[in-house]
Amino acid sequence: MTDMLRAPAEVKFAEELDWLESIDDSPKPFSWRLSPKMIRLFILGSERADGLDREISQKWFGDRSFVERSIVTLASDRGLLLIGDPGTGKSWLAELLAAAISRNSTLVVQGTAGTTEDHIKYSWNVSMVIAKGQSRASMIPSPIMTAMEKGVIGRFEELTRSTSDVQDALISILSEKYVSIPELDDDNIVFAQPGFSIIATANSRDRGVNDLSSALKRRFNFVRIPVVTNKKSEAEIVRFRTTELLRRHQIELDVPPNLLDILLQSFADLRAASASATSDDEKLESALSTAEQIGVLEDAILHSTFFGDRQLRAETLAGSLVGSLARRSPEDLAILNKYWHGVVEPRSKEDGGEWPAFLEGGRAAIATLS
């Protein structure tokens with residue numbers, strides 16, 4: 001296998017999936033590669049009580065009920081819509097589900113303002129149409145149509161970013177389970193094979209951009225993924241992703257636990273401040289999600305590796321945090337400056353440790369950007 005910048009879940013965890021499939025003797029819906037219990041185990045990881053001969057790593061950190069409801073939905077005839085704030089792991093959960101069910105998570109449509117009905121159904125190879133006319137051979141199926149033909153999971157990322165008429169093209173697919181091709185006289189219907197379903201994601205902050213119609217809502221089961229606020233769970237997610245980063249870049253660098261605690265505490269403080277703000281100007285533009293924490297830590301690690309002494313320091317972490325979260329000037333800088341003076345400065349005097357260095361690093365970063 002050639003190197004990939006980012007391998008899909010079915011490639012990355014192929015050994016685990018092969019092993020789980022080899023021991024799986026539970027009933028499987030449709031053409032699923034794993035049973036529902038094994039899919040849950042693959043995503044949430046094994047426990048000693050499972051009695052397995054090997055450990056299965058935990059890949060998604062969240063409530064078990066969200067995973068179980070998602071699996072049950074995909075075993076029915078309804079689509080699955082994962083909805084939540086940015087950075088809550090919706091896309092990652094969708095990828096893991098598709099990998100475990102179909103061993104293919106790459107049949108994805110990305111919703112944007114420029115997404116058209118062709119991206120959901122099919123388009124044409126213009127040169128072949130000119131040479132030989134319209135036929136099934138000259139048709140270019142969308143990822144969703146390919147999933148229908150193969151009886152596997154198709155994914156639609158950021159569904160509410162696409163326009164209403166594009167969204168509504170999914171209604172017939174989810175209800176009738178076929179796509180008509182009126183340009184053809186023969187072989188002009190593509191029927192979905194058993195096992196086909198759609199996992200869509202939607203950003204709850206996009207509410208009002210392109211709201212789903214009532215007809216489309218009825219064809220999806222909604223699973224709301226909340227922001228992770230439990231510090232222990234959040235720390236596990238950040239460590240998991242950071243370990244992946246270090247392995248990918250072949251970096252040997254330790255993340256001191258006290259610096260990880262400072263990062264988690266800083267985000268918790270900023271979230272609390274955002275929740276109590278009375279106007280948007282008093283809130284950071286950032287969603288302050290777990291994914292953004294990982295981005296801050298990744299930035300600090302790479303900066304320490306390439307331009308530092310290969311040790312993660314509080315000053316570097318503070319600079320990365322300010323640089324990542326100060327998206328609006330002067331609004332975000334003013335909010336961060338207030339936080340540094342009102343919270344970080346007193347805490348550095350009371351708690352000591354790495355807080356004083358974190359204080360100075362943040363001050364310097366804010367001064368540079370001001």
# chains A, B, ... in the order shown; residues from 1 in each chain; ligands from 1
>>> residues_around(residues="A:Leu44", least_positions_apart="6", cutoff="9 Å", atoms="only C-alpha atoms", output="NGL selection string")
:A and (56-62 or 64 or 67)
>>> write_last_selection(atoms="all heavy atoms", output="PDB file, in the first residue's frame")
ATOM      1  N   ILE A  56      -9.185  -3.908  21.517  1.00  0.00           N
ATOM      2  CA  ILE A  56      -9.661  -3.075  20.422  1.00  0.00           C
ATOM      3  C   ILE A  56      -9.640  -1.633  20.915  1.00  0.00           C
ATOM      4  O   ILE A  56     -10.244  -1.311  21.952  1.00  0.00           O
ATOM      5  CB  ILE A  56     -11.081  -3.470  19.974  1.00  0.00           C
ATOM      6  CG1 ILE A  56     -11.105  -4.929  19.511  1.00  0.00           C
ATOM      7  CG2 ILE A  56     -11.563  -2.549  18.861  1.00  0.00           C
ATOM      8  CD1 ILE A  56     -10.213  -5.242  18.337  1.00  0.00           C
ATOM      9  N   SER A  57      -8.967  -0.770  20.204  1.00  0.00           N
ATOM     10  CA  SER A  57      -8.784   0.602  20.656  1.00  0.00           C
ATOM     11  C   SER A  57     -10.083   1.398  20.558  1.00  0.00           C
ATOM     12  O   SER A  57     -10.913   1.156  19.682  1.00  0.00           O
ATOM     13  CB  SER A  57      -7.702   1.293  19.813  1.00  0.00           C
ATOM     14  OG  SER A  57      -8.103   1.344  18.440  1.00  0.00           O
ATOM     15  N   GLN A  58     -10.254   2.342  21.478  1.00  0.00           N
ATOM     16  CA  GLN A  58     -11.384   3.255  21.415  1.00  0.00           C
ATOM     17  C   GLN A  58     -11.069   4.355  20.413  1.00  0.00           C
ATOM     18  O   GLN A  58     -10.013   4.964  20.457  1.00  0.00           O
ATOM     19  CB  GLN A  58     -11.663   3.864  22.791  1.00  0.00           C
ATOM     20  CG  GLN A  58     -12.900   4.747  22.822  1.00  0.00           C
ATOM     21  CD  GLN A  58     -13.264   5.208  24.220  1.00  0.00           C
ATOM     22  OE1 GLN A  58     -12.550   4.917  25.176  1.00  0.00           O
ATOM     23  NE2 GLN A  58     -14.367   5.928  24.353  1.00  0.00           N
ATOM     24  N   LYS A  59     -11.998   4.610  19.506  1.00  0.00           N
ATOM     25  CA  LYS A  59     -11.744   5.551  18.420  1.00  0.00           C
ATOM     26  C   LYS A  59     -12.634   6.781  18.458  1.00  0.00           C
ATOM     27  O   LYS A  59     -12.299   7.802  17.868  1.00  0.00           O
ATOM     28  CB  LYS A  59     -11.925   4.834  17.072  1.00  0.00           C
ATOM     29  CG  LYS A  59     -11.024   3.623  16.936  1.00  0.00           C
ATOM     30  CD  LYS A  59     -11.454   2.695  15.828  1.00  0.00           C
ATOM     31  CE  LYS A  59     -10.689   1.401  15.898  1.00  0.00           C
ATOM     32  NZ  LYS A  59     -11.046   0.591  17.101  1.00  0.00           N
ATOM     33  N   TRP A  60     -13.768   6.660  19.102  1.00  0.00           N
ATOM     34  CA  TRP A  60     -14.671   7.802  19.244  1.00  0.00           C
ATOM     35  C   TRP A  60     -15.067   7.903  20.703  1.00  0.00           C
ATOM     36  O   TRP A  60     -15.407   6.886  21.331  1.00  0.00           O
ATOM     37  CB  TRP A  60     -15.910   7.618  18.371  1.00  0.00           C
ATOM     38  CG  TRP A  60     -16.787   8.825  18.299  1.00  0.00           C
ATOM     39  CD1 TRP A  60     -16.599   9.931  17.520  1.00  0.00           C
ATOM     40  CD2 TRP A  60     -17.988   9.072  19.041  1.00  0.00           C
ATOM     41  NE1 TRP A  60     -17.603  10.847  17.730  1.00  0.00           N
ATOM     42  CE2 TRP A  60     -18.482  10.339  18.658  1.00  0.00           C
ATOM     43  CE3 TRP A  60     -18.698   8.335  19.991  1.00  0.00           C
ATOM     44  CZ2 TRP A  60     -19.640  10.888  19.183  1.00  0.00           C
ATOM     45  CZ3 TRP A  60     -19.860   8.880  20.527  1.00  0.00           C
ATOM     46  CH2 TRP A  60     -20.309  10.139  20.126  1.00  0.00           C
ATOM     47  N   PHE A  61     -14.999   9.102  21.255  1.00  0.00           N
ATOM     48  CA  PHE A  61     -15.242   9.292  22.670  1.00  0.00           C
ATOM     49  C   PHE A  61     -16.553  10.052  22.847  1.00  0.00           C
ATOM     50  O   PHE A  61     -16.665  11.228  22.513  1.00  0.00           O
ATOM     51  CB  PHE A  61     -14.084  10.067  23.305  1.00  0.00           C
ATOM     52  CG  PHE A  61     -12.778   9.325  23.259  1.00  0.00           C
ATOM     53  CD1 PHE A  61     -12.001   9.349  22.111  1.00  0.00           C
ATOM     54  CD2 PHE A  61     -12.328   8.595  24.342  1.00  0.00           C
ATOM     55  CE1 PHE A  61     -10.793   8.665  22.047  1.00  0.00           C
ATOM     56  CE2 PHE A  61     -11.128   7.907  24.298  1.00  0.00           C
ATOM     57  CZ  PHE A  61     -10.353   7.940  23.148  1.00  0.00           C
ATOM     58  N   GLY A  62     -17.541   9.353  23.327  1.00  0.00           N
ATOM     59  CA  GLY A  62     -18.853   9.954  23.524  1.00  0.00           C
ATOM     60  C   GLY A  62     -19.771   8.936  24.165  1.00  0.00           C
ATOM     61  O   GLY A  62     -19.373   7.806  24.474  1.00  0.00           O
ATOM     62  N   ARG A  64     -22.310   6.079  24.792  1.00  0.00           N
ATOM     63  CA  ARG A  64     -22.593   4.816  24.098  1.00  0.00           C
ATOM     64  C   ARG A  64     -23.943   4.865  23.378  1.00  0.00           C
ATOM     65  O   ARG A  64     -24.105   4.284  22.295  1.00  0.00           O
ATOM     66  CB  ARG A  64     -22.576   3.687  25.128  1.00  0.00           C
ATOM     67  CG  ARG A  64     -22.954   2.316  24.597  1.00  0.00           C
ATOM     68  CD  ARG A  64     -23.003   1.327  25.739  1.00  0.00           C
ATOM     69  NE  ARG A  64     -21.687   1.130  26.299  1.00  0.00           N
ATOM     70  CZ  ARG A  64     -20.937   0.039  26.098  1.00  0.00           C
ATOM     71  NH1 ARG A  64     -21.391  -0.931  25.335  1.00  0.00           N
ATOM     72  NH2 ARG A  64     -19.763  -0.072  26.649  1.00  0.00           N
ATOM     73  N   VAL A  67     -23.934   6.050  19.727  1.00  0.00           N
ATOM     74  CA  VAL A  67     -23.442   5.052  18.773  1.00  0.00           C
ATOM     75  C   VAL A  67     -24.509   4.001  18.525  1.00  0.00           C
ATOM     76  O   VAL A  67     -24.773   3.615  17.378  1.00  0.00           O
ATOM     77  CB  VAL A  67     -22.139   4.418  19.288  1.00  0.00           C
ATOM     78  CG1 VAL A  67     -21.667   3.318  18.336  1.00  0.00           C
ATOM     79  CG2 VAL A  67     -21.046   5.474  19.443  1.00  0.00           C
TER      80      VAL A  67
END
>>> closest_atom_pairs(of="stretch 177-296 of chain A", to="stretch 81-98 of chain A", cutoff="8 Å", atoms="only C-alpha atoms", output="CSV")
residue,atom,partner,partner_atom,distance
A:Ile199,CA,A:Leu81,CA,5.9
A:Ala200,CA,A:Leu81,CA,4.7
A:Thr201,CA,A:Leu82,CA,4.7
A:Ala202,CA,A:Ile83,CA,4.8
A:Asn203,CA,A:Gly84,CA,5.4
A:Ser204,CA,A:Gly84,CA,5.0
A:Arg205,CA,A:Asp85,CA,6.2
A:Phe220,CA,A:Leu81,CA,5.9
A:Asn221,CA,A:Leu81,CA,6.0
A:Phe222,CA,A:Leu81,CA,4.9
A:Val223,CA,A:Leu82,CA,5.0
A:Arg224,CA,A:Ile83,CA,4.9
A:Ile225,CA,A:Gly84,CA,5.0
A:Pro226,CA,A:Gly84,CA,6.0
A:Val227,CA,A:Thr88,CA,5.6
A:Val228,CA,A:Thr88,CA,7.1
A:Ala287,CA,A:Pro86,CA,6.6
A:Ser289,CA,A:Gly87,CA,5.2
A:Thr290,CA,A:Gly87,CA,6.0
A:Ala291,CA,A:Gly87,CA,4.6
A:Glu292,CA,A:Gly87,CA,6.9
>>> residues_around(residues="A:Ala318", least_positions_apart="4", cutoff="10 Å", atoms="only C-alpha atoms", output="ChimeraX atom specification")
/A:259,262-263,266,296-297,300,313-314,322-324,355,357-366
>>> write_last_selection(atoms="N, CA, C and O atoms", output="PDB file, in the first residue's frame")
ATOM      1  N   LEU A 259       0.809  20.751  31.016  1.00  0.00           N
ATOM      2  CA  LEU A 259       0.475  21.642  29.898  1.00  0.00           C
ATOM      3  C   LEU A 259      -0.860  21.256  29.268  1.00  0.00           C
ATOM      4  O   LEU A 259      -1.629  22.125  28.835  1.00  0.00           O
ATOM      5  N   ILE A 262      -3.452  22.751  31.421  1.00  0.00           N
ATOM      6  CA  ILE A 262      -3.593  24.189  31.174  1.00  0.00           C
ATOM      7  C   ILE A 262      -4.428  24.441  29.927  1.00  0.00           C
ATOM      8  O   ILE A 262      -5.295  25.328  29.900  1.00  0.00           O
ATOM      9  N   LEU A 263      -4.194  23.658  28.881  1.00  0.00           N
ATOM     10  CA  LEU A 263      -4.972  23.810  27.649  1.00  0.00           C
ATOM     11  C   LEU A 263      -6.448  23.530  27.913  1.00  0.00           C
ATOM     12  O   LEU A 263      -7.325  24.301  27.491  1.00  0.00           O
ATOM     13  N   SER A 266      -7.987  26.318  30.047  1.00  0.00           N
ATOM     14  CA  SER A 266      -8.156  27.561  29.290  1.00  0.00           C
ATOM     15  C   SER A 266      -9.410  27.503  28.427  1.00  0.00           C
ATOM     16  O   SER A 266     -10.193  28.462  28.366  1.00  0.00           O
ATOM     17  N   VAL A 296      -4.816  23.551  18.277  1.00  0.00           N
ATOM     18  CA  VAL A 296      -3.883  24.388  19.033  1.00  0.00           C
ATOM     19  C   VAL A 296      -2.673  23.574  19.463  1.00  0.00           C
ATOM     20  O   VAL A 296      -1.516  24.007  19.329  1.00  0.00           O
ATOM     21  N   LEU A 297      -2.923  22.384  19.983  1.00  0.00           N
ATOM     22  CA  LEU A 297      -1.818  21.532  20.445  1.00  0.00           C
ATOM     23  C   LEU A 297      -0.948  21.079  19.276  1.00  0.00           C
ATOM     24  O   LEU A 297       0.287  21.047  19.383  1.00  0.00           O
ATOM     25  N   ALA A 300       1.315  23.900  18.303  1.00  0.00           N
ATOM     26  CA  ALA A 300       2.396  24.085  19.279  1.00  0.00           C
ATOM     27  C   ALA A 300       3.458  23.001  19.153  1.00  0.00           C
ATOM     28  O   ALA A 300       4.661  23.270  19.246  1.00  0.00           O
ATOM     29  N   ARG A 313       6.687  23.789  25.329  1.00  0.00           N
ATOM     30  CA  ARG A 313       6.769  24.719  26.452  1.00  0.00           C
ATOM     31  C   ARG A 313       5.485  25.545  26.552  1.00  0.00           C
ATOM     32  O   ARG A 313       4.757  25.718  25.574  1.00  0.00           O
ATOM     33  N   ALA A 314       5.247  26.071  27.756  1.00  0.00           N
ATOM     34  CA  ALA A 314       4.018  26.819  28.017  1.00  0.00           C
ATOM     35  C   ALA A 314       3.917  28.054  27.137  1.00  0.00           C
ATOM     36  O   ALA A 314       2.827  28.421  26.672  1.00  0.00           O
ATOM     37  N   VAL A 322      -3.470  31.703  21.259  1.00  0.00           N
ATOM     38  CA  VAL A 322      -3.852  33.053  20.846  1.00  0.00           C
ATOM     39  C   VAL A 322      -3.923  33.144  19.321  1.00  0.00           C
ATOM     40  O   VAL A 322      -4.880  33.675  18.749  1.00  0.00           O
ATOM     41  N   GLY A 323      -2.917  32.613  18.659  1.00  0.00           N
ATOM     42  CA  GLY A 323      -2.893  32.671  17.199  1.00  0.00           C
ATOM     43  C   GLY A 323      -4.042  31.938  16.551  1.00  0.00           C
ATOM     44  O   GLY A 323      -4.549  32.352  15.505  1.00  0.00           O
ATOM     45  N   SER A 324      -4.496  30.842  17.175  1.00  0.00           N
ATOM     46  CA  SER A 324      -5.586  30.047  16.603  1.00  0.00           C
ATOM     47  C   SER A 324      -6.956  30.654  16.862  1.00  0.00           C
ATOM     48  O   SER A 324      -7.859  30.530  16.027  1.00  0.00           O
ATOM     49  N   TRP A 355       1.924  28.150  34.731  1.00  0.00           N
ATOM     50  CA  TRP A 355       1.028  29.265  34.449  1.00  0.00           C
ATOM     51  C   TRP A 355       1.757  30.585  34.197  1.00  0.00           C
ATOM     52  O   TRP A 355       1.371  31.335  33.289  1.00  0.00           O
ATOM     53  N   ALA A 357       4.696  31.134  32.820  1.00  0.00           N
ATOM     54  CA  ALA A 357       5.246  31.089  31.463  1.00  0.00           C
ATOM     55  C   ALA A 357       4.120  31.159  30.431  1.00  0.00           C
ATOM     56  O   ALA A 357       4.258  31.802  29.378  1.00  0.00           O
ATOM     57  N   PHE A 358       2.997  30.522  30.725  1.00  0.00           N
ATOM     58  CA  PHE A 358       1.824  30.583  29.842  1.00  0.00           C
ATOM     59  C   PHE A 358       1.307  32.024  29.766  1.00  0.00           C
ATOM     60  O   PHE A 358       0.930  32.498  28.691  1.00  0.00           O
ATOM     61  N   LEU A 359       1.322  32.717  30.905  1.00  0.00           N
ATOM     62  CA  LEU A 359       0.904  34.120  30.967  1.00  0.00           C
ATOM     63  C   LEU A 359       1.765  34.982  30.054  1.00  0.00           C
ATOM     64  O   LEU A 359       1.249  35.763  29.246  1.00  0.00           O
ATOM     65  N   GLU A 360       3.080  34.845  30.171  1.00  0.00           N
ATOM     66  CA  GLU A 360       3.991  35.672  29.372  1.00  0.00           C
ATOM     67  C   GLU A 360       3.895  35.343  27.898  1.00  0.00           C
ATOM     68  O   GLU A 360       3.942  36.236  27.042  1.00  0.00           O
ATOM     69  N   GLY A 361       3.767  34.063  27.567  1.00  0.00           N
ATOM     70  CA  GLY A 361       3.643  33.673  26.161  1.00  0.00           C
ATOM     71  C   GLY A 361       2.395  34.248  25.516  1.00  0.00           C
ATOM     72  O   GLY A 361       2.423  34.711  24.370  1.00  0.00           O
ATOM     73  N   GLY A 362       1.285  34.236  26.263  1.00  0.00           N
ATOM     74  CA  GLY A 362       0.051  34.793  25.735  1.00  0.00           C
ATOM     75  C   GLY A 362       0.110  36.296  25.583  1.00  0.00           C
ATOM     76  O   GLY A 362      -0.368  36.856  24.595  1.00  0.00           O
ATOM     77  N   ARG A 363       0.709  36.969  26.577  1.00  0.00           N
ATOM     78  CA  ARG A 363       0.855  38.425  26.485  1.00  0.00           C
ATOM     79  C   ARG A 363       1.647  38.825  25.254  1.00  0.00           C
ATOM     80  O   ARG A 363       1.296  39.759  24.530  1.00  0.00           O
ATOM     81  N   ALA A 364       2.746  38.104  25.034  1.00  0.00           N
ATOM     82  CA  ALA A 364       3.599  38.424  23.886  1.00  0.00           C
ATOM     83  C   ALA A 364       2.856  38.212  22.574  1.00  0.00           C
ATOM     84  O   ALA A 364       2.962  39.021  21.635  1.00  0.00           O
ATOM     85  N   ALA A 365       2.071  37.123  22.490  1.00  0.00           N
ATOM     86  CA  ALA A 365       1.330  36.829  21.258  1.00  0.00           C
ATOM     87  C   ALA A 365       0.262  37.890  21.004  1.00  0.00           C
ATOM     88  O   ALA A 365       0.053  38.326  19.864  1.00  0.00           O
ATOM     89  N   ILE A 366      -0.436  38.303  22.064  1.00  0.00           N
ATOM     90  CA  ILE A 366      -1.477  39.321  21.920  1.00  0.00           C
ATOM     91  C   ILE A 366      -0.871  40.655  21.490  1.00  0.00           C
ATOM     92  O   ILE A 366      -1.404  41.358  20.621  1.00  0.00           O
TER      93      ILE A 366
END
>>> select_by_dssp(residues="stretch 37-198 of chain A", states="strand (DSSP E)", output="VMD selection string")
chain A and resid 79 to 84 108 to 110 122 to 124 139 to 141 153 to 157 178 to 180 189 to 191 197 to 198
>>> write_last_selection(atoms="N, CA, C and O atoms", output="mmCIF file, in the first residue's frame")
data_model
loop_
_atom_site.group_PDB
_atom_site.id
_atom_site.type_symbol
_atom_site.label_atom_id
_atom_site.label_comp_id
_atom_site.auth_asym_id
_atom_site.auth_seq_id
_atom_site.Cartn_x
_atom_site.Cartn_y
_atom_site.Cartn_z
ATOM 1 N N GLY A 79 -32.514 7.333 6.895
ATOM 2 C CA GLY A 79 -31.168 7.867 6.898
ATOM 3 C C GLY A 79 -30.792 8.331 8.300
ATOM 4 O O GLY A 79 -31.647 8.497 9.181
ATOM 5 N N LEU A 80 -29.513 8.560 8.503
ATOM 6 C CA LEU A 80 -29.001 9.010 9.801
ATOM 7 C C LEU A 80 -28.437 10.417 9.639
ATOM 8 O O LEU A 80 -27.605 10.658 8.763
ATOM 9 N N LEU A 81 -28.905 11.350 10.477
ATOM 10 C CA LEU A 81 -28.390 12.711 10.465
ATOM 11 C C LEU A 81 -27.714 12.985 11.802
ATOM 12 O O LEU A 81 -28.368 12.990 12.846
ATOM 13 N N LEU A 82 -26.401 13.180 11.764
ATOM 14 C CA LEU A 82 -25.629 13.534 12.949
ATOM 15 C C LEU A 82 -25.519 15.042 12.983
ATOM 16 O O LEU A 82 -24.972 15.654 12.067
ATOM 17 N N ILE A 83 -26.035 15.652 14.043
ATOM 18 C CA ILE A 83 -26.070 17.104 14.120
ATOM 19 C C ILE A 83 -25.419 17.575 15.417
ATOM 20 O O ILE A 83 -25.554 16.932 16.459
ATOM 21 N N GLY A 84 -24.670 18.656 15.335
ATOM 22 C CA GLY A 84 -23.997 19.179 16.517
ATOM 23 C C GLY A 84 -23.100 20.342 16.162
ATOM 24 O O GLY A 84 -22.965 20.717 14.989
ATOM 25 N N VAL A 108 -18.420 9.978 -0.460
ATOM 26 C CA VAL A 108 -18.798 11.185 0.270
ATOM 27 C C VAL A 108 -19.157 12.312 -0.695
ATOM 28 O O VAL A 108 -18.456 12.558 -1.675
ATOM 29 N N VAL A 109 -20.250 13.003 -0.383
ATOM 30 C CA VAL A 109 -20.610 14.260 -1.043
ATOM 31 C C VAL A 109 -20.410 15.364 -0.017
ATOM 32 O O VAL A 109 -20.891 15.264 1.113
ATOM 33 N N GLN A 110 -19.680 16.408 -0.402
ATOM 34 C CA GLN A 110 -19.443 17.539 0.492
ATOM 35 C C GLN A 110 -20.433 18.646 0.172
ATOM 36 O O GLN A 110 -20.440 19.179 -0.927
ATOM 37 N N TYR A 122 -26.116 11.979 -10.716
ATOM 38 C CA TYR A 122 -25.182 11.564 -11.767
ATOM 39 C C TYR A 122 -24.897 12.742 -12.681
ATOM 40 O O TYR A 122 -25.629 13.741 -12.700
ATOM 41 N N SER A 123 -23.823 12.624 -13.429
ATOM 42 C CA SER A 123 -23.490 13.593 -14.475
ATOM 43 C C SER A 123 -23.037 12.802 -15.700
ATOM 44 O O SER A 123 -23.153 11.571 -15.726
ATOM 45 N N TRP A 124 -22.496 13.496 -16.700
ATOM 46 C CA TRP A 124 -22.159 12.830 -17.964
ATOM 47 C C TRP A 124 -20.721 13.119 -18.368
ATOM 48 O O TRP A 124 -20.215 14.215 -18.149
ATOM 49 N N MET A 139 -22.277 7.654 -18.421
ATOM 50 C CA MET A 139 -22.802 8.293 -17.212
ATOM 51 C C MET A 139 -21.764 8.223 -16.104
ATOM 52 O O MET A 139 -21.057 7.221 -15.955
ATOM 53 N N ILE A 140 -21.656 9.305 -15.332
ATOM 54 C CA ILE A 140 -20.741 9.347 -14.185
ATOM 55 C C ILE A 140 -21.589 9.328 -12.914
ATOM 56 O O ILE A 140 -22.222 10.332 -12.566
ATOM 57 N N PRO A 141 -21.655 8.201 -12.224
ATOM 58 C CA PRO A 141 -22.487 8.133 -11.028
ATOM 59 C C PRO A 141 -21.885 8.939 -9.887
ATOM 60 O O PRO A 141 -20.666 9.042 -9.747
ATOM 61 N N ILE A 153 -22.878 2.192 2.494
ATOM 62 C CA ILE A 153 -23.200 3.476 3.105
ATOM 63 C C ILE A 153 -22.641 4.625 2.278
ATOM 64 O O ILE A 153 -21.465 4.646 1.932
ATOM 65 N N GLY A 154 -23.501 5.603 1.965
ATOM 66 C CA GLY A 154 -23.072 6.854 1.358
ATOM 67 C C GLY A 154 -23.095 7.943 2.417
ATOM 68 O O GLY A 154 -23.899 7.895 3.356
ATOM 69 N N ARG A 155 -22.228 8.929 2.277
ATOM 70 C CA ARG A 155 -22.142 10.005 3.273
ATOM 71 C C ARG A 155 -22.384 11.365 2.610
ATOM 72 O O ARG A 155 -21.978 11.589 1.473
ATOM 73 N N PHE A 156 -23.030 12.253 3.364
ATOM 74 C CA PHE A 156 -23.272 13.618 2.892
ATOM 75 C C PHE A 156 -22.836 14.551 4.012
ATOM 76 O O PHE A 156 -23.500 14.664 5.040
ATOM 77 N N GLU A 157 -21.711 15.222 3.812
ATOM 78 C CA GLU A 157 -21.155 16.119 4.823
ATOM 79 C C GLU A 157 -21.761 17.519 4.692
ATOM 80 O O GLU A 157 -21.922 18.031 3.578
ATOM 81 N N TYR A 178 -34.584 4.558 -5.291
ATOM 82 C CA TYR A 178 -34.092 4.421 -6.661
ATOM 83 C C TYR A 178 -33.903 5.806 -7.263
ATOM 84 O O TYR A 178 -34.419 6.803 -6.757
ATOM 85 N N VAL A 179 -33.127 5.863 -8.362
ATOM 86 C CA VAL A 179 -32.906 7.102 -9.107
ATOM 87 C C VAL A 179 -33.279 6.857 -10.563
ATOM 88 O O VAL A 179 -32.793 5.904 -11.180
ATOM 89 N N SER A 180 -34.139 7.702 -11.092
ATOM 90 C CA SER A 180 -34.510 7.596 -12.509
ATOM 91 C C SER A 180 -33.522 8.387 -13.364
ATOM 92 O O SER A 180 -33.017 9.434 -12.948
ATOM 93 N N ILE A 189 -33.205 3.099 -14.706
ATOM 94 C CA ILE A 189 -33.477 3.216 -13.270
ATOM 95 C C ILE A 189 -32.366 2.511 -12.504
ATOM 96 O O ILE A 189 -32.003 1.382 -12.833
ATOM 97 N N VAL A 190 -31.819 3.190 -11.511
ATOM 98 C CA VAL A 190 -30.819 2.585 -10.625
ATOM 99 C C VAL A 190 -31.498 2.323 -9.290
ATOM 100 O O VAL A 190 -31.941 3.259 -8.611
ATOM 101 N N PHE A 191 -31.620 1.044 -8.952
ATOM 102 C CA PHE A 191 -32.249 0.656 -7.694
ATOM 103 C C PHE A 191 -31.193 0.479 -6.605
ATOM 104 O O PHE A 191 -30.093 -0.023 -6.865
ATOM 105 N N SER A 197 -27.659 3.010 2.727
ATOM 106 C CA SER A 197 -28.229 4.056 3.564
ATOM 107 C C SER A 197 -27.341 5.283 3.452
ATOM 108 O O SER A 197 -26.264 5.231 2.844
ATOM 109 N N ILE A 198 -27.788 6.376 4.029
ATOM 110 C CA ILE A 198 -27.042 7.634 3.981
ATOM 111 C C ILE A 198 -26.798 8.124 5.399
ATOM 112 O O ILE A 198 -27.716 8.155 6.226
#
>>> closest_residue(among="A:Arg40, A:Thr243, A:Asn104, A:Pro27", to="A:Ala14", atoms="only C-alpha atoms")
A:Asn104
>>> closest_residue(among="A:Ile43, A:Leu317, A:Leu369, A:Leu284", to="A:Ile335", atoms="only C-alpha atoms")
A:Leu284
>>> residues_around(residues="A:Leu245", least_positions_apart="3", cutoff="10 Å", atoms="only C-alpha atoms", output="list in words")
Arg239, Phe240, Arg241, Thr242, Arg248, His249, Gln250, Ile251, Ile294, Glu298, Ile301 and Leu302 of chain A
>>> residues_around(residues="A:Pro194", least_positions_apart="4", cutoff="8 Å", atoms="only C-alpha atoms", output="VMD selection string")
chain A and resid 30 to 31 151 to 152
>>> select_by_dssp(residues="stretch 54-260 of chain A", states="alpha helix (DSSP H)", output="JSON, numbers by chain")
{"A": [64, 65, 66, 67, 68, 69, 70, 71, 72, 73, 74, 75, 90, 91, 92, 93, 94, 95, 96, 97, 98, 99, 100, 101, 102, 117, 118, 119, 120, 126, 127, 128, 129, 130, 131, 132, 143, 144, 145, 146, 147, 148, 149, 150, 164, 165, 166, 167, 168, 169, 170, 171, 172, 173, 174, 175, 176, 214, 215, 216, 217, 231, 232, 233, 234, 235, 236, 237, 238, 239, 240, 241, 242, 243, 244, 245, 246, 247, 248, 257, 258, 259, 260]}
>>> closest_residue(among="A:Lys231, A:His119, A:Lys37, A:Lys28", to="A:Ser142", atoms="only C-alpha atoms")
A:His119
>>> residues_around(residues="A:Asp53", least_positions_apart="2", cutoff="12 Å", atoms="only C-alpha atoms", output="list in words")
Glu16, Trp19, Leu20, Ile23, Ser46, Glu47, Arg48, Ala49, Asp50, Gly51, Glu55 and Ile56 of chain A
>>> closest_residue(among="A:Ile71, A:Leu253, A:Leu159, A:Ala100", to="A:Thr116", atoms="only C-alpha atoms")
A:Leu159
>>> closest_residue(among="A:Asp168, A:Asp18, A:Asp3, A:Asp280", to="A:Glu117", atoms="only C-alpha atoms")
A:Asp168
